[in-house]
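Undergrad: The structure file model_26.csv (CSV, C-alpha atoms) is provided below.
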```
chain,number,residue,atom,x,y,z
A,52,MET,CA,-11.8,9.6,2.9
A,53,PHE,CA,-10.1,6.5,1.6
A,54,THR,CA,-9.7,2.8,2.3
A,55,LEU,CA,-6.8,0.5,1.6
A,56,ARG,CA,-7.5,-2.9,0.0
A,57,PHE,CA,-4.9,-5.7,0.0
A,58,ASP,CA,-5.3,-9.0,-1.9
A,59,MET,CA,-1.5,-9.6,-2.1
A,60,ARG,CA,-1.4,-10.8,-5.7
A,61,ALA,CA,2.2,-11.4,-6.6
A,62,PRO,CA,2.7,-12.6,-10.2
A,63,ALA,CA,6.2,-13.8,-11.0
A,64,TRP,CA,7.1,-10.6,-12.9
A,65,GLY,CA,5.9,-8.3,-10.0
A,66,ALA,CA,7.4,-7.6,-6.6
A,67,PRO,CA,8.3,-10.6,-4.5
A,68,PRO,CA,5.8,-11.6,-1.7
A,69,ALA,CA,8.3,-10.8,1.0
A,70,ALA,CA,8.4,-7.2,-0.1
A,71,LEU,CA,4.7,-6.9,-0.5
A,72,TYR,CA,3.8,-8.3,2.9
A,73,ALA,CA,6.5,-6.2,4.6
A,74,ALA,CA,4.9,-3.0,3.0
A,75,VAL,CA,1.4,-3.7,4.3
A,76,PRO,CA,1.8,-2.8,8.0
A,77,GLU,CA,4.0,0.2,7.0
A,78,MET,CA,1.3,1.5,4.6
A,79,CYS,CA,-1.4,1.0,7.2
A,80,ALA,CA,0.5,2.8,10.0
A,81,TRP,CA,1.1,5.7,7.6
A,82,ALA,CA,-2.5,5.8,6.5
A,83,GLU,CA,-4.3,5.8,9.8
A,84,ASP,CA,-3.1,9.3,10.6
A,85,ARG,CA,-4.1,10.6,7.2
A,86,GLY,CA,-7.8,9.9,6.9
A,87,CYS,CA,-7.9,6.2,6.1
A,88,LEU,CA,-11.1,4.5,7.4
A,89,ALA,CA,-10.1,0.9,7.1
A,90,ALA,CA,-7.7,-1.7,5.7
A,91,VAL,CA,-9.7,-4.4,3.8
A,92,LEU,CA,-8.1,-7.8,3.5
A,93,CYS,CA,-9.5,-10.3,0.9
A,94,GLU,CA,-9.2,-14.1,0.6
A,95,HIS,CA,-8.8,-16.6,-2.2
A,96,HIS,CA,-6.9,-19.9,-2.4
A,97,GLY,CA,-4.7,-21.8,-4.8
A,98,SER,CA,-4.3,-18.8,-7.1
A,99,GLU,CA,-1.2,-18.9,-9.4
A,100,ASP,CA,-0.3,-15.4,-8.3
A,101,GLY,CA,-0.4,-16.1,-4.6
A,102,TYR,CA,-3.6,-14.3,-3.7
A,103,LEU,CA,-3.9,-13.8,0.1
A,104,PRO,CA,-5.2,-17.1,1.5
A,105,SER,CA,-5.2,-16.0,5.2
A,106,PRO,CA,-6.4,-12.6,6.2
A,107,LEU,CA,-6.4,-13.8,9.8
A,108,MET,CA,-2.6,-14.0,9.7
A,109,LEU,CA,-2.1,-10.6,8.0
A,110,ALA,CA,-4.5,-8.7,10.2
A,111,PRO,CA,-2.5,-9.0,13.5
A,112,ALA,CA,0.6,-7.6,11.8
A,113,ILE,CA,-1.5,-4.5,10.9
A,114,ALA,CA,-3.0,-4.3,14.3
A,115,ALA,CA,0.4,-4.3,15.9
A,116,ARG,CA,1.5,-1.3,13.9
A,117,THR,CA,-1.8,0.8,14.3
A,118,LYS,CA,-4.0,2.0,17.1
A,119,ARG,CA,-7.2,3.2,15.5
A,120,LEU,CA,-7.4,1.9,11.9
A,121,ALA,CA,-10.4,-0.4,11.4
A,122,LEU,CA,-9.7,-3.8,9.9
A,123,SER,CA,-12.2,-5.4,7.6
A,124,LEU,CA,-11.6,-9.1,6.8
A,125,ILE,CA,-13.4,-10.9,4.0
A,126,LEU,CA,-13.6,-14.6,4.8
A,127,ILE,CA,-15.0,-17.5,2.7
A,128,LEU,CA,-17.0,-19.2,5.5
A,129,PRO,CA,-17.4,-22.7,4.1
A,130,PHE,CA,-13.6,-23.2,4.3
A,131,TYR,CA,-13.4,-22.7,8.0
A,132,GLU,CA,-13.9,-24.9,11.0
A,133,PRO,CA,-16.2,-22.6,13.1
A,134,ILE,CA,-14.8,-23.4,16.6
A,135,ARG,CA,-11.3,-22.6,15.6
A,136,LEU,CA,-12.5,-19.6,13.6
A,137,ALA,CA,-14.3,-18.2,16.7
A,138,GLU,CA,-11.2,-18.6,18.7
A,139,ASP,CA,-9.0,-16.8,16.2
A,140,MET,CA,-11.6,-14.0,15.9
A,141,ALA,CA,-11.7,-13.7,19.7
A,142,ILE,CA,-7.9,-13.3,19.9
A,143,LEU,CA,-7.8,-10.8,17.1
A,144,ASP,CA,-10.6,-8.8,18.7
A,145,ILE,CA,-8.5,-8.6,21.9
A,146,LEU,CA,-5.2,-7.8,20.0
A,147,SER,CA,-6.8,-5.1,17.9
A,148,GLY,CA,-8.8,-3.5,20.6
A,149,GLY,CA,-12.1,-4.4,18.9
A,150,ARG,CA,-11.1,-2.9,15.5
A,151,ALA,CA,-11.6,-6.0,13.4
A,152,SER,CA,-14.9,-6.7,11.6
A,153,TYR,CA,-15.8,-9.4,9.1
A,154,ILE,CA,-17.5,-9.8,5.8
A,155,LEU,CA,-18.4,-13.5,5.5
A,156,ALA,CA,-19.0,-14.9,2.0
A,157,LEU,CA,-20.0,-18.1,0.3
A,158,GLY,CA,-17.2,-18.5,-2.2
A,159,TYR,CA,-17.7,-19.2,-5.9
A,160,ARG,CA,-14.5,-20.8,-7.5
A,161,PRO,CA,-14.9,-24.5,-8.0
A,162,GLU,CA,-11.1,-24.9,-7.8
A,163,GLU,CA,-11.1,-23.6,-4.2
A,164,PHE,CA,-13.7,-26.0,-3.0
A,165,GLU,CA,-11.7,-28.8,-4.6
A,166,HIS,CA,-8.7,-27.4,-2.8
A,167,PHE,CA,-10.4,-28.1,0.5
A,168,GLY,CA,-12.1,-31.3,-0.5
A,169,LEU,CA,-15.6,-29.8,-0.5
A,170,ALA,CA,-18.4,-29.9,-2.9
A,171,LEU,CA,-19.4,-26.6,-4.4
A,172,GLY,CA,-23.1,-27.6,-4.2
A,173,ASP,CA,-22.8,-27.9,-0.4
A,174,ARG,CA,-21.6,-24.4,0.2
A,175,GLY,CA,-25.0,-23.0,1.2
A,176,ARG,CA,-25.6,-25.7,3.7
A,177,LEU,CA,-22.1,-25.4,5.1
A,178,ALA,CA,-22.4,-21.7,5.5
A,179,ASN,CA,-25.7,-21.9,7.4
A,180,GLU,CA,-24.4,-24.6,9.7
A,181,LYS,CA,-21.2,-22.8,10.4
A,182,LEU,CA,-22.6,-19.3,10.7
A,183,GLY,CA,-25.2,-20.4,13.3
A,184,LEU,CA,-22.5,-22.0,15.5
A,185,LEU,CA,-20.0,-19.2,15.0
A,186,ARG,CA,-22.4,-16.5,16.2
A,187,ARG,CA,-23.3,-18.4,19.3
A,188,LEU,CA,-19.7,-19.0,20.3
A,189,LEU,CA,-18.7,-15.4,19.7
A,190,ALA,CA,-21.6,-14.3,21.9
A,191,GLY,CA,-20.1,-16.3,24.7
A,192,GLU,CA,-22.5,-19.2,24.8
A,193,THR,CA,-21.5,-22.7,25.7
A,194,VAL,CA,-22.9,-24.9,22.9
A,195,VAL,CA,-23.8,-28.5,23.3
A,196,ALA,CA,-23.4,-30.3,20.0
A,197,ASP,CA,-23.2,-34.1,19.3
A,198,GLY,CA,-22.6,-34.7,23.0
A,199,ARG,CA,-19.8,-32.1,23.2
A,200,ARG,CA,-19.7,-29.0,25.3
A,201,ILE,CA,-18.0,-26.2,23.3
A,202,THR,CA,-16.9,-22.9,24.9
A,203,VAL,CA,-14.6,-20.3,23.3
A,204,THR,CA,-12.1,-18.7,25.7
A,205,PRO,CA,-11.0,-16.1,26.1
A,206,ARG,CA,-14.1,-14.2,25.2
A,207,PRO,CA,-13.9,-11.4,22.6
A,208,ARG,CA,-13.2,-7.9,23.9
A,209,THR,CA,-16.3,-6.7,22.0
A,210,ALA,CA,-19.5,-7.6,23.8
A,211,GLY,CA,-21.4,-10.2,21.7
A,212,GLY,CA,-18.4,-10.7,19.5
A,213,PRO,CA,-16.9,-8.6,16.6
A,214,ALA,CA,-19.2,-7.2,13.9
A,215,LEU,CA,-20.2,-9.7,11.2
A,216,MET,CA,-21.7,-8.9,7.8
A,217,TRP,CA,-22.6,-11.0,4.8
A,218,GLY,CA,-21.2,-10.4,1.4
A,219,GLY,CA,-22.4,-11.6,-2.0
A,220,GLY,CA,-24.1,-10.6,-5.2
A,221,SER,CA,-27.3,-12.6,-5.3
A,222,LEU,CA,-30.8,-12.6,-3.9
A,223,ALA,CA,-29.9,-15.7,-1.9
A,224,ALA,CA,-27.0,-13.8,-0.3
A,225,ALA,CA,-29.4,-11.0,0.6
A,226,ARG,CA,-31.8,-13.4,2.2
A,227,ARG,CA,-29.1,-15.1,4.2
A,228,ALA,CA,-27.9,-11.8,5.6
A,229,GLY,CA,-31.5,-10.8,6.6
A,230,ARG,CA,-32.2,-14.3,8.1
A,231,TYR,CA,-29.2,-14.0,10.5
A,232,GLY,CA,-29.7,-10.3,11.2
A,233,LEU,CA,-26.4,-9.3,9.5
A,234,GLY,CA,-25.6,-6.2,7.5
A,235,MET,CA,-25.2,-6.7,3.8
A,236,LEU,CA,-22.2,-5.7,1.8
A,237,ALA,CA,-23.0,-6.7,-1.7
A,238,ASN,CA,-20.6,-6.9,-4.7
A,239,ALA,CA,-23.4,-5.9,-7.0
A,240,ASP,CA,-26.7,-4.1,-7.2
A,241,VAL,CA,-28.9,-6.9,-8.5
A,242,ASP,CA,-32.5,-6.0,-9.0
A,243,GLY,CA,-34.5,-7.0,-5.9
A,244,MET,CA,-31.5,-7.5,-3.5
A,245,ARG,CA,-32.4,-4.7,-1.2
A,246,GLU,CA,-36.0,-5.7,-1.0
A,247,ALA,CA,-35.1,-9.4,-0.5
A,248,TYR,CA,-32.8,-8.4,2.4
A,249,GLU,CA,-35.3,-6.2,4.1
A,250,ALA,CA,-38.1,-8.8,3.7
A,251,ALA,CA,-35.8,-11.5,5.2
A,252,CYS,CA,-35.0,-9.2,8.2
A,253,ARG,CA,-38.7,-8.7,8.8
A,254,GLU,CA,-39.5,-12.4,8.4
A,255,HIS,CA,-37.0,-13.4,11.0
A,256,GLY,CA,-37.5,-10.5,13.4
A,257,ASN,CA,-34.3,-8.7,12.7
A,258,ARG,CA,-33.6,-5.0,12.4
A,259,PRO,CA,-31.9,-4.2,9.1
A,260,GLY,CA,-28.2,-3.4,9.5
A,261,PRO,CA,-25.9,-1.3,7.4
A,262,THR,CA,-26.0,-2.1,3.6
A,263,LEU,CA,-24.1,-1.3,0.5
A,264,PHE,CA,-25.3,-2.3,-3.0
A,265,PRO,CA,-22.6,-0.9,-5.4
A,266,GLY,CA,-23.3,-0.5,-9.1
A,267,SER,CA,-21.1,-2.3,-11.6
A,268,ASP,CA,-19.4,1.0,-12.4
A,269,THR,CA,-18.1,1.4,-8.8
A,270,PRO,CA,-14.3,1.4,-8.8
A,271,SER,CA,-12.5,-1.2,-6.7
A,272,VAL,CA,-9.0,0.0,-7.6
A,273,THR,CA,-8.1,3.7,-7.6
A,274,PHE,CA,-4.8,5.5,-8.1
A,275,VAL,CA,-4.2,9.2,-7.9
A,276,ALA,CA,-1.6,10.6,-10.3
A,277,ASP,CA,0.1,13.9,-11.1
A,278,ASP,CA,0.4,12.7,-14.7
A,279,VAL,CA,-2.3,10.2,-15.7
A,280,ASP,CA,-0.7,9.3,-19.0
A,281,ARG,CA,2.6,8.5,-17.3
A,282,ALA,CA,0.8,6.6,-14.5
A,283,TRP,CA,-0.9,4.3,-17.0
A,284,SER,CA,2.5,3.5,-18.5
A,285,GLU,CA,3.9,2.7,-15.1
A,286,LEU,CA,0.9,0.9,-13.5
A,287,GLY,CA,-1.1,-0.4,-16.5
A,288,GLU,CA,0.3,-4.0,-16.6
A,289,TYR,CA,-0.3,-4.4,-12.9
A,290,LEU,CA,-3.9,-3.2,-13.1
A,291,PHE,CA,-4.6,-5.2,-16.2
A,292,HIS,CA,-3.3,-8.4,-14.5
A,293,ASP,CA,-5.7,-7.8,-11.5
A,294,ALA,CA,-8.7,-7.0,-13.8
A,295,ARG,CA,-8.0,-9.9,-16.1
A,296,SER,CA,-7.6,-12.4,-13.2
A,297,TYR,CA,-11.0,-11.4,-11.6
A,298,ALA,CA,-12.7,-11.6,-15.0
A,299,GLU,CA,-11.3,-15.1,-15.6
A,300,TRP,CA,-12.8,-16.1,-12.3
A,301,ASN,CA,-16.1,-14.6,-13.2
A,302,PRO,CA,-16.9,-15.4,-16.8
A,303,GLY,CA,-20.0,-13.7,-18.0
A,304,ASN,CA,-20.4,-11.6,-14.9
A,305,ARG,CA,-21.5,-8.1,-16.0
A,306,THR,CA,-23.1,-7.0,-12.8
A,307,SER,CA,-20.5,-7.2,-10.0
A,308,ALA,CA,-18.4,-4.2,-9.2
A,309,GLY,CA,-14.7,-4.6,-9.7
A,310,ILE,CA,-14.8,-6.8,-12.8
A,311,SER,CA,-13.8,-5.7,-16.2
A,312,HIS,CA,-13.7,-8.0,-19.2
A,313,VAL,CA,-10.9,-6.4,-21.2
A,314,ALA,CA,-8.2,-7.7,-23.5
A,315,SER,CA,-5.4,-5.0,-23.1
A,316,VAL,CA,-4.2,-2.2,-20.9
A,317,ASP,CA,-5.5,0.3,-23.5
A,318,GLU,CA,-9.0,-1.2,-23.4
A,319,LEU,CA,-8.9,-1.2,-19.5
A,320,ARG,CA,-8.0,2.5,-19.6
A,321,ALA,CA,-10.6,3.4,-22.2
A,322,THR,CA,-13.6,1.4,-20.9
A,323,SER,CA,-13.0,0.2,-17.4
A,324,LYS,CA,-14.9,1.6,-14.4
A,325,SER,CA,-13.4,-0.9,-12.0
A,326,HIS,CA,-9.7,0.1,-12.2
A,327,VAL,CA,-9.1,3.8,-12.6
A,328,ILE,CA,-6.3,6.3,-12.4
A,329,ILE,CA,-7.5,9.8,-11.7
A,330,SER,CA,-5.8,13.2,-11.5
A,331,VAL,CA,-5.3,15.1,-8.3
A,332,SER,CA,-8.0,17.6,-9.1
A,333,GLU,CA,-10.5,14.8,-9.9
A,334,ALA,CA,-9.6,13.1,-6.6
A,335,ILE,CA,-10.2,16.3,-4.7
A,336,SER,CA,-13.5,16.8,-6.4
A,337,ARG,CA,-14.6,13.2,-5.5
A,338,VAL,CA,-13.7,13.6,-1.9
A,339,ARG,CA,-15.5,16.9,-1.7
A,340,ALA,CA,-18.5,15.3,-3.1
A,341,GLY,CA,-18.4,12.7,-0.3
A,342,GLN,CA,-17.1,9.8,-2.4
A,343,MET,CA,-14.7,7.2,-1.1
A,344,LEU,CA,-11.3,6.7,-2.7
A,345,THR,CA,-10.9,2.9,-2.9
A,346,LEU,CA,-7.1,2.6,-3.0
A,347,SER,CA,-5.4,-0.7,-3.7
A,348,PRO,CA,-1.7,0.4,-3.5
A,349,LEU,CA,-0.1,-3.0,-4.2
A,350,CYS,CA,-2.5,-4.0,-6.9
A,351,GLY,CA,-1.3,-6.8,-9.1
A,352,GLY,CA,2.0,-7.1,-7.3
A,353,LEU,CA,3.0,-3.5,-7.8
A,354,PRO,CA,6.4,-2.9,-6.2
A,355,PRO,CA,6.1,-0.9,-3.0
A,356,GLU,CA,8.7,1.7,-4.1
A,357,ILE,CA,6.4,2.5,-7.1
A,358,ALA,CA,3.2,2.4,-5.0
A,359,TRP,CA,4.3,4.7,-2.2
A,360,PRO,CA,4.2,8.0,-4.2
A,361,TYR,CA,0.6,7.3,-5.3
A,362,LEU,CA,-0.4,6.6,-1.8
A,363,THR,CA,1.3,9.6,-0.2
A,364,ARG,CA,-0.2,11.9,-2.8
A,365,VAL,CA,-3.7,11.1,-1.4
A,366,GLY,CA,-2.8,11.7,2.3
A,367,GLU,CA,-0.5,14.7,1.8
A,368,ILE,CA,-2.1,16.6,-1.1
A,369,VAL,CA,-5.7,15.4,-1.9
A,370,LEU,CA,-7.2,15.2,1.5
A,371,PRO,CA,-5.8,18.4,3.0
A,372,GLU,CA,-6.9,20.3,-0.1
A,373,ALA,CA,-10.3,18.6,-0.1
A,374,GLY,CA,-10.7,19.4,3.6
A,375,ARG,CA,-10.5,23.1,3.0
A,376,SER,CA,-14.0,22.9,1.4
A,377,ALA,CA,-15.5,19.6,2.3
A,378,ALA,CA,-19.1,18.7,1.5
A,379,PRO,CA,-21.4,17.6,4.3
A,380,GLU,CA,-21.4,13.9,4.9
A,381,THR,CA,-24.4,12.1,3.2
A,382,ALA,CA,-26.5,9.4,4.6
A,383,GLY,CA,-24.8,6.9,2.2
A,384,ASP,CA,-21.4,8.0,3.4
A,385,ARG,CA,-22.5,7.5,7.0
A,386,THR,CA,-23.6,3.9,6.2
A,387,LEU,CA,-20.2,3.1,4.6
A,388,THR,CA,-18.4,4.7,7.5
A,389,GLU,CA,-20.4,2.7,10.0
A,390,MET,CA,-19.6,-0.5,8.1
A,391,LEU,CA,-15.9,0.2,7.9
A,392,SER,CA,-15.6,1.4,11.5
A,393,ASN,CA,-16.7,-1.9,13.1
A,394,ARG,CA,-20.1,-0.9,14.3
A,395,LYS,CA,-22.6,-3.6,15.2
A,396,SER,CA,-24.8,-4.7,12.3
A,397,SER,CA,-27.4,-6.6,14.2
A,398,PRO,CA,-29.7,-5.8,17.2
```
Can I see the file as structure tokens?
TA:
Amino acid sequence: MFTLRFDMRAPAWGAPPAALYAAVPEMCAWAEDRGCLAAVLCEHHGSEDGYLPSPLMLAPAIAARTKRLALSLILILPFYEPIRLAEDMAILDILSGGRASYILALGYRPEEFEHFGLALGDRGRLANEKLGLLRRLLAGETVVADGRRITVTPRPRTAGGPALMWGGGSLAAARRAGRYGLGMLANADVDGMREAYEAACREHGNRPGPTLFPGSDTPSVTFVADDVDRAWSELGEYLFHDARSYAEWNPGNRTSAGISHVASVDELRATSKSHVIISVSEAISRVRAGQMLTLSPLCGGLPPEIAWPYLTRVGEIVLPEAGRSAAPETAGDRTLTEMLSNRKSSP
């Protein structure tokens, strides 16, 4: 089992954006027939390396080239106008045949709130206001607000609208997910988050949805190599750029998965759990143990011609070999599969 994650970083010394964006639908079309569960699209704004600002624009390009692959879009909710967002979600739901689901987040970079002319301190209020309206519109309601009648047409293909989850790494995020009856995809396993989520669900009469609380040692970027030493020589600078960029955005964060505070490629290789290059045999062992391979094939602006062999190695060697003696699926695996396969996360 594996996922593909795309954030479309394109530093000046890496592949040009045109080459990276052209590769994404091709990789997704190849991957859906080889065990890929989902393509995960992330969002940030104003990044010097061109981080993907619009998952809602990239997702239809993937949907047009695939038939079954789940699409998981991570959106920073305070930056969206909820009526237009509901309309865009409805159209993508129709175009994709109901394959798109969403992880909504609060946002954390002050520069991005300045980018949109918003105050960072207002983000919780904005998220609550927009989430409430968004859910009602996606469910097909006509909402009367400030003397206006608001109706989203056409309605989503999925009854009640596409699946929504809440993402974050704090107790407040867990409580927000429970309050609105959403599943919880955390970026950390903070003490008390699961309990806060379940308590908020009970308080507001919601059945808990799918949850994932990854430890800080959970890899967010995985490559599979025939020769790990050679792979680090070829990929190291790209992985280091990605790791360093996230660390700069999260100073002092030692709990969230996917963040490594390192000063060099060598230190990243020696100490990092977030960005890993593993051998074919290790990848087979992980899949047989029921672990997910979190692939980020274009990490750090990696040129597609370099990325493809690492990707095809998973689909053509690792998974067929692992499938010859696969371990039974665990409850944790089922939860992740449900989240990435666009199942409803609320009653």
Undergrad: In Å, how far is it from atom CA of A:Ser336 to atom CA of A:Leu370?
TA: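 One can read the atom CA of A:Ser336 to atom CA of A:Leu370 distance as 10.2 Å.
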Undergrad: Between stretch 298-374 of chain A and stretch 224-245 of chain A, at 10 Å or less, what are the per-residue closest atom pairs and their distances in Å? Count only C-alpha atoms, order by chain and rising residue number, and return it as CSV.
TA:
```
residue,atom,partner,partner_atom,distance
A:Arg305,CA,A:Ala239,CA,9.5
A:Thr306,CA,A:Ala239,CA,5.9
A:Ser307,CA,A:Ala239,CA,4.4
A:Ala308,CA,A:Asn238,CA,5.7
A:Gly309,CA,A:Asn238,CA,8.1
A:Ile310,CA,A:Asn238,CA,10.0
```
Undergrad: Compute the distance from (-20.4, -26.2, 2.4) to each atom, counting all atoms listed in the file, keep the residues with any atom at most 12 Å away, and return them as JSON, numbers by chain; use the coordinates of the file.
TA: {"A": [127, 128, 129, 130, 131, 132, 156, 157, 158, 159, 161, 163, 164, 165, 167, 168, 169, 170, 171, 172, 173, 174, 175, 176, 177, 178, 179, 180, 181, 182]}
Undergrad: To one decimal in Å, tell me the separation between atom CA of A:Tyr102 and atom CA of A:Arg60.
TA: 4.6 Å
Undergrad: Do you have the atom CA of A:Ala247-atom CA of A:Glu94 distance handy?
TA: 26.3 Å
Undergrad: Hey, which of A:Asp58, A:Asp317, A:Asp197, A:Asp144 ends up closest to A:Leu71? Count all atoms listed in the file.
TA: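 Of A:Asp58, A:Asp317, A:Asp197, A:Asp144, the one nearest A:Leu71, counting all atoms listed in the file, is A:Asp58.
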Undergrad: So that I can see what lies close to A:Ser330, please list as a count of residues only the residues with an atom at most 10 Å from it, counting all atoms listed in the file and leaving out residues fewer than 3 positions away in the same chain.
TA: 13
Undergrad: Please provide as a compact mmCIF listing (two decimals) with C-alpha atoms, keeping the file's coordinate frame all residues within 12 Å of A:Ala141, with the sequence filter that same-chain residues fewer than 5 positions apart are discarded (counting only C-alpha atoms).
TA:
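Writing done, so here's around39.txt:
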```txt
# COMPACT_ATOMS: atom_id res chain seq x y z
CA LEU A 107 -6.40 -13.80 9.80
CA PRO A 133 -16.20 -22.60 13.10
CA ILE A 134 -14.80 -23.40 16.60
CA ARG A 135 -11.30 -22.60 15.60
CA LEU A 136 -12.50 -19.60 13.60
CA LEU A 146 -5.20 -7.80 20.00
CA SER A 147 -6.80 -5.10 17.90
CA GLY A 148 -8.80 -3.50 20.60
CA GLY A 149 -12.10 -4.40 18.90
CA ARG A 150 -11.10 -2.90 15.50
CA ALA A 151 -11.60 -6.00 13.40
CA SER A 152 -14.90 -6.70 11.60
CA LEU A 185 -20.00 -19.20 15.00
CA ARG A 186 -22.40 -16.50 16.20
CA LEU A 188 -19.70 -19.00 20.30
CA LEU A 189 -18.70 -15.40 19.70
CA ALA A 190 -21.60 -14.30 21.90
CA GLY A 191 -20.10 -16.30 24.70
CA THR A 202 -16.90 -22.90 24.90
CA VAL A 203 -14.60 -20.30 23.30
CA THR A 204 -12.10 -18.70 25.70
CA PRO A 205 -11.00 -16.10 26.10
CA ARG A 206 -14.10 -14.20 25.20
CA PRO A 207 -13.90 -11.40 22.60
CA ARG A 208 -13.20 -7.90 23.90
CA THR A 209 -16.30 -6.70 22.00
CA ALA A 210 -19.50 -7.60 23.80
CA GLY A 211 -21.40 -10.20 21.70
CA GLY A 212 -18.40 -10.70 19.50
CA PRO A 213 -16.90 -8.60 16.60
CA ALA A 214 -19.20 -7.20 13.90
```
Undergrad: Within 12 Å of A:Cys87, counting only C-alpha atoms, which residues qualify if same-chain residues fewer than 5 places away don't, as a PyMOL selection string?
TA: chain A and resi 52-56+78-82+117+119-122+343-346+362-363+365-366+370+388+391-392
Undergrad: Smallest atom-to-atom distance to A:Pro67: which of A:Ile368, A:Leu126, A:Leu353, A:Val338, using all atoms listed in the file?
TA: A:Leu353
